[in-house]
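Enquirer: Before I ask anything, here is the structure I am working with.
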Amino acid sequence: MDSAISVHGLRKAYADVTAVAGLDLEVRKGEVFALLGPNGAGKTTTVEILEGYRRRDAGEVRVLGEDPGKAGAAWRARVGIVLQGTGEFDELTVAEVVRHFAGFYPTADDPDRVIARVGLTEKARSRTRTLSGGQKRRLDVALGIVGRPELLFLDEPTTGFDPEARREFWELIRDLASAGTTILLTTHYLDEAETLADRVGVIARGELVEVAPPSRLGDRHRAPATVAWRTAEGAVEATESETPTALVAELAARFGGEVPGLTVTRPTLEDVYLRMIGEKA
Ligand SMILES: Nc1ncnc2c1ncn2[C@@H]1O[C@H](COP(=O)(O)OP(=O)(O)OP(=O)(O)O)[C@@H](O)[C@H]1O
């Protein structure tokens with residue numbers, strides 16, 4: 001079995017709000033999969049059903065071969081979840097909280113090693129209530145990985161991180177992925193999805209609209225390029241081209257060398273994503 005997660009026809013409604021409307025999803029073992037979608041699209045509901053925290057109304061769900069609605073402690077030990085905030089441990093130190101969580105798992109990682117991996121060694125002896133927002137988030141990540149999970153769920157993991165902390169976090173995710181951990185993350189940061197994910201899935205109105213590697217979403221790789229340059233009068237001229245290399249060669253000949261202000265761009269992940277969710281709105 002090569003799927004870590006397999007979902008068919010998933011449905012969930014809250015009173016008269018349909019949060020998930022017949023969603024199909026396959027996440028392969030060992031891949032990093034990013035779920036993208038606007039606020040209220042149904043990402044958290046889907047992820048929480050996969051984690052076994054919410055009941056579904058209908059659909060087939062298998063996570064590491066089991067139904068998360070029924071799976072027991074042995075399954076739970078194989079799954080890592082990064083929760084948003086562990087406020088009840090305010091008076092404990094970072095090291096105490098990580099050690100406490102390590103005690104829940106049969107084959108937990110060494111707490112000091114985990115603290116170092118998330119960059120909190122200097123704060124190991126600090127009470128968690130004294131941590132900054134980004135440091136608290138790192139602690140959340142430490143608690144998600146201390147059990148050495150086969151599958152890790154990350155719901156908006158880098159919200160509130162400064163740019164350096166995000167880069168460090170991305171390194172950590174790459175390390176975990178290269179050690180074989182399957183990762184399902186939700187994010188609103190398209191650069192994060194682009195840099196981390198093998199595949200992205202776009203959710204809009206409770207349905208999966210498209211699944212593709214970030215470089216191919218919305219047929220991005222086939223989209224025409226926009227070539228822009230500055231004319232002799234200083235105005236910017238731009239044109240779409242299926243053959244940008246030929247156009248640049250022609251421009252170079254026309255200008256007799258350097259083309260002033262030359263840029264060649266293709267639609268970004270954000271461009272295709274916004275178009276995709278706009279079409280669904
Ligand atoms: N416990 C709940 N009770 C009632 N409605 C809910 C509940 N949880 C979510 N919803 C509704 O279900 C829909 C999907 O919400 P969900 O949290 O899954 O979206 P999301 O994609 O994770 O959004 P965000 O990006 O804002 O986190 C929304 O319309 C939301 O208001």
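Quick note on naming: the chains in the structure tokens go A, B, ... in the order shown, residues restart at 1 in each chain, and ligands are numbered from 1 in order of appearance.
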Let me see if you get this right: every residue at most 12 Å from ligand 1, counting only C-alpha atoms and all ligand atoms, written as a PyMOL selection string.
Expert: chain A and resi 11-21+35-49+53-55+84+154-157+159+185-189+202-208
Enquirer: Go ahead and save the picked residues with C-alpha atoms, as a compact mmCIF listing (two decimals), in the first residue's frame.
Expert:
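Contents of part-v2.txt, freshly written:
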# COMPACT_ATOMS: atom_id res chain seq x y z
CA ARG A 11 -18.58 15.10 3.58
CA LYS A 12 -19.07 17.21 6.66
CA ALA A 13 -21.69 19.84 7.46
CA TYR A 14 -22.16 22.02 10.55
CA ALA A 15 -25.89 22.73 10.79
CA ASP A 16 -26.60 24.43 7.46
CA VAL A 17 -22.94 25.06 6.50
CA THR A 18 -21.39 22.47 4.22
CA ALA A 19 -17.70 22.52 5.15
CA VAL A 20 -16.55 19.52 3.08
CA ALA A 21 -18.57 18.58 0.02
CA LEU A 35 -3.42 21.88 1.13
CA LEU A 36 -4.15 25.39 -0.07
CA GLY A 37 -7.45 27.21 0.00
CA PRO A 38 -9.13 30.43 1.09
CA ASN A 39 -10.46 31.02 4.62
CA GLY A 40 -13.40 28.74 5.30
CA ALA A 41 -12.65 26.39 2.37
CA GLY A 42 -12.69 23.31 4.60
CA LYS A 43 -8.99 22.61 5.16
CA THR A 44 -9.01 22.44 8.96
CA THR A 45 -12.21 20.39 8.98
CA THR A 46 -10.65 17.91 6.56
CA VAL A 47 -7.38 17.71 8.47
CA GLU A 48 -9.14 17.28 11.81
CA ILE A 49 -11.21 14.40 10.40
CA TYR A 53 -10.56 14.74 16.05
CA ARG A 54 -13.80 15.31 14.14
CA ARG A 55 -16.52 12.98 12.95
CA GLN A 84 -2.02 25.48 17.64
CA LEU A 154 0.89 20.66 10.27
CA ASP A 155 -1.94 23.19 10.23
CA GLU A 156 -0.55 26.61 9.23
CA PRO A 157 2.79 25.82 10.87
CA THR A 159 2.04 31.67 11.00
CA LEU A 185 0.44 20.72 5.78
CA THR A 186 -2.03 23.53 5.31
CA THR A 187 -0.72 26.96 4.58
CA HIS A 188 -1.69 30.38 3.26
CA TYR A 189 1.90 31.05 2.20
CA VAL A 202 -6.32 23.40 -3.84
CA ILE A 203 -9.55 23.27 -1.80
CA ALA A 204 -12.39 25.65 -2.59
CA ARG A 205 -15.88 25.38 -1.09
CA GLY A 206 -15.17 21.98 0.41
CA GLU A 207 -13.96 20.35 -2.79
CA LEU A 208 -10.52 19.58 -4.11
Enquirer: Show which residues sit within 12 Å of Trp170 in chain A, as a ChimeraX atom specification. Count only C-alpha atoms, and ignore same-chain residues fewer than 2 positions away.
Expert: /A:32,117-118,138,141,157-158,161,163-168,172-177,185,191-197
Enquirer: Which residues are near Gly30 in chain A? Cut-off 10 Å, only C-alpha atoms, ignore same chain within fewer than 2 positions. Put them as number ranges by chain.
Expert: A: 2-4, 27-28, 32-33, 150-151, 176-183, 198
Enquirer: So that I have them on file, write out the residues from the current selection with C-alpha atoms, as an mmCIF file, in the first residue's frame.
Expert:
data_model
loop_
_atom_site.group_PDB
_atom_site.id
_atom_site.type_symbol
_atom_site.label_atom_id
_atom_site.label_comp_id
_atom_site.auth_asym_id
_atom_site.auth_seq_id
_atom_site.Cartn_x
_atom_site.Cartn_y
_atom_site.Cartn_z
ATOM 1 C CA ASP A 2 1.571 3.264 -1.147
ATOM 2 C CA SER A 3 -1.001 5.720 0.214
ATOM 3 C CA ALA A 4 -0.493 7.258 3.628
ATOM 4 C CA VAL A 27 -1.359 11.372 -0.153
ATOM 5 C CA ARG A 28 1.476 9.002 -0.992
ATOM 6 C CA VAL A 32 5.053 16.388 1.424
ATOM 7 C CA PHE A 33 1.540 17.463 0.463
ATOM 8 C CA GLU A 150 5.409 8.277 10.274
ATOM 9 C CA LEU A 151 2.869 10.911 9.288
ATOM 10 C CA LEU A 176 11.937 15.012 8.313
ATOM 11 C CA ALA A 177 10.808 14.385 4.732
ATOM 12 C CA SER A 178 14.180 13.047 3.680
ATOM 13 C CA ALA A 179 14.069 10.680 6.655
ATOM 14 C CA GLY A 180 10.813 9.313 5.171
ATOM 15 C CA THR A 181 8.150 11.130 7.205
ATOM 16 C CA THR A 182 4.956 11.808 5.252
ATOM 17 C CA ILE A 183 3.791 15.379 5.800
ATOM 18 C CA ASP A 198 5.938 17.606 -3.732
#
Enquirer: Using the chain letters and numbers from this document, which residues of range 45-278 of chain A does DSSP assign to alpha helix (DSSP H), as a PyMOL selection string?
Expert: chain A and resi 45-50+73-77+94-102+111-117+133-145+163-178+190-196+244-255+269-278
Enquirer: Near range 226-231 of chain A, within 6 Å and counting only C-alpha atoms, which residues show up once chain neighbours fewer than 4 positions away are dropped, as a list of chain:residue names?
Expert: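 Within the cut-off, the hits are A:Ala235, A:Val236, A:Glu237, A:Ala238, A:Thr239, A:Glu240, A:Pro260, A:Gly261, A:Leu262, A:Thr263, A:Val264, A:Thr265.
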Enquirer: Write the residues you've just listed into a file as a PDB file, in the first residue's frame, and include N, CA and C atoms for each of them.
Expert:
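Final output, part_16.pdb:
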ATOM      1  N   ALA A 235       9.829  54.100 -22.070  1.00  0.00           N
ATOM      2  CA  ALA A 235       8.564  53.465 -21.676  1.00  0.00           C
ATOM      3  C   ALA A 235       8.776  51.949 -21.542  1.00  0.00           C
ATOM      4  N   VAL A 236       7.937  51.313 -20.699  1.00  0.00           N
ATOM      5  CA  VAL A 236       8.033  49.855 -20.563  1.00  0.00           C
ATOM      6  C   VAL A 236       7.078  49.211 -21.564  1.00  0.00           C
ATOM      7  N   GLU A 237       7.595  48.297 -22.334  1.00  0.00           N
ATOM      8  CA  GLU A 237       6.755  47.548 -23.269  1.00  0.00           C
ATOM      9  C   GLU A 237       6.731  46.086 -22.818  1.00  0.00           C
ATOM     10  N   ALA A 238       5.559  45.467 -22.890  1.00  0.00           N
ATOM     11  CA  ALA A 238       5.463  44.066 -22.457  1.00  0.00           C
ATOM     12  C   ALA A 238       4.599  43.304 -23.437  1.00  0.00           C
ATOM     13  N   THR A 239       5.003  42.053 -23.671  1.00  0.00           N
ATOM     14  CA  THR A 239       4.202  41.232 -24.576  1.00  0.00           C
ATOM     15  C   THR A 239       4.251  39.774 -24.132  1.00  0.00           C
ATOM     16  N   GLU A 240       3.138  39.067 -24.344  1.00  0.00           N
ATOM     17  CA  GLU A 240       3.101  37.641 -24.018  1.00  0.00           C
ATOM     18  C   GLU A 240       3.646  36.868 -25.195  1.00  0.00           C
ATOM     19  N   PRO A 260      17.482  46.913 -22.636  1.00  0.00           N
ATOM     20  CA  PRO A 260      17.293  47.651 -21.381  1.00  0.00           C
ATOM     21  C   PRO A 260      16.101  47.124 -20.580  1.00  0.00           C
ATOM     22  N   GLY A 261      16.298  46.919 -19.267  1.00  0.00           N
ATOM     23  CA  GLY A 261      15.220  46.531 -18.349  1.00  0.00           C
ATOM     24  C   GLY A 261      14.542  45.223 -18.701  1.00  0.00           C
ATOM     25  N   LEU A 262      15.288  44.291 -19.305  1.00  0.00           N
ATOM     26  CA  LEU A 262      14.665  43.040 -19.763  1.00  0.00           C
ATOM     27  C   LEU A 262      14.198  42.164 -18.594  1.00  0.00           C
ATOM     28  N   THR A 263      12.946  41.700 -18.653  1.00  0.00           N
ATOM     29  CA  THR A 263      12.475  40.662 -17.720  1.00  0.00           C
ATOM     30  C   THR A 263      11.655  39.648 -18.503  1.00  0.00           C
ATOM     31  N   VAL A 264      11.772  38.388 -18.079  1.00  0.00           N
ATOM     32  CA  VAL A 264      10.945  37.318 -18.657  1.00  0.00           C
ATOM     33  C   VAL A 264      10.281  36.617 -17.484  1.00  0.00           C
ATOM     34  N   THR A 265       8.944  36.647 -17.433  1.00  0.00           N
ATOM     35  CA  THR A 265       8.260  36.046 -16.278  1.00  0.00           C
ATOM     36  C   THR A 265       7.155  35.098 -16.751  1.00  0.00           C
TER      37      THR A 265
END
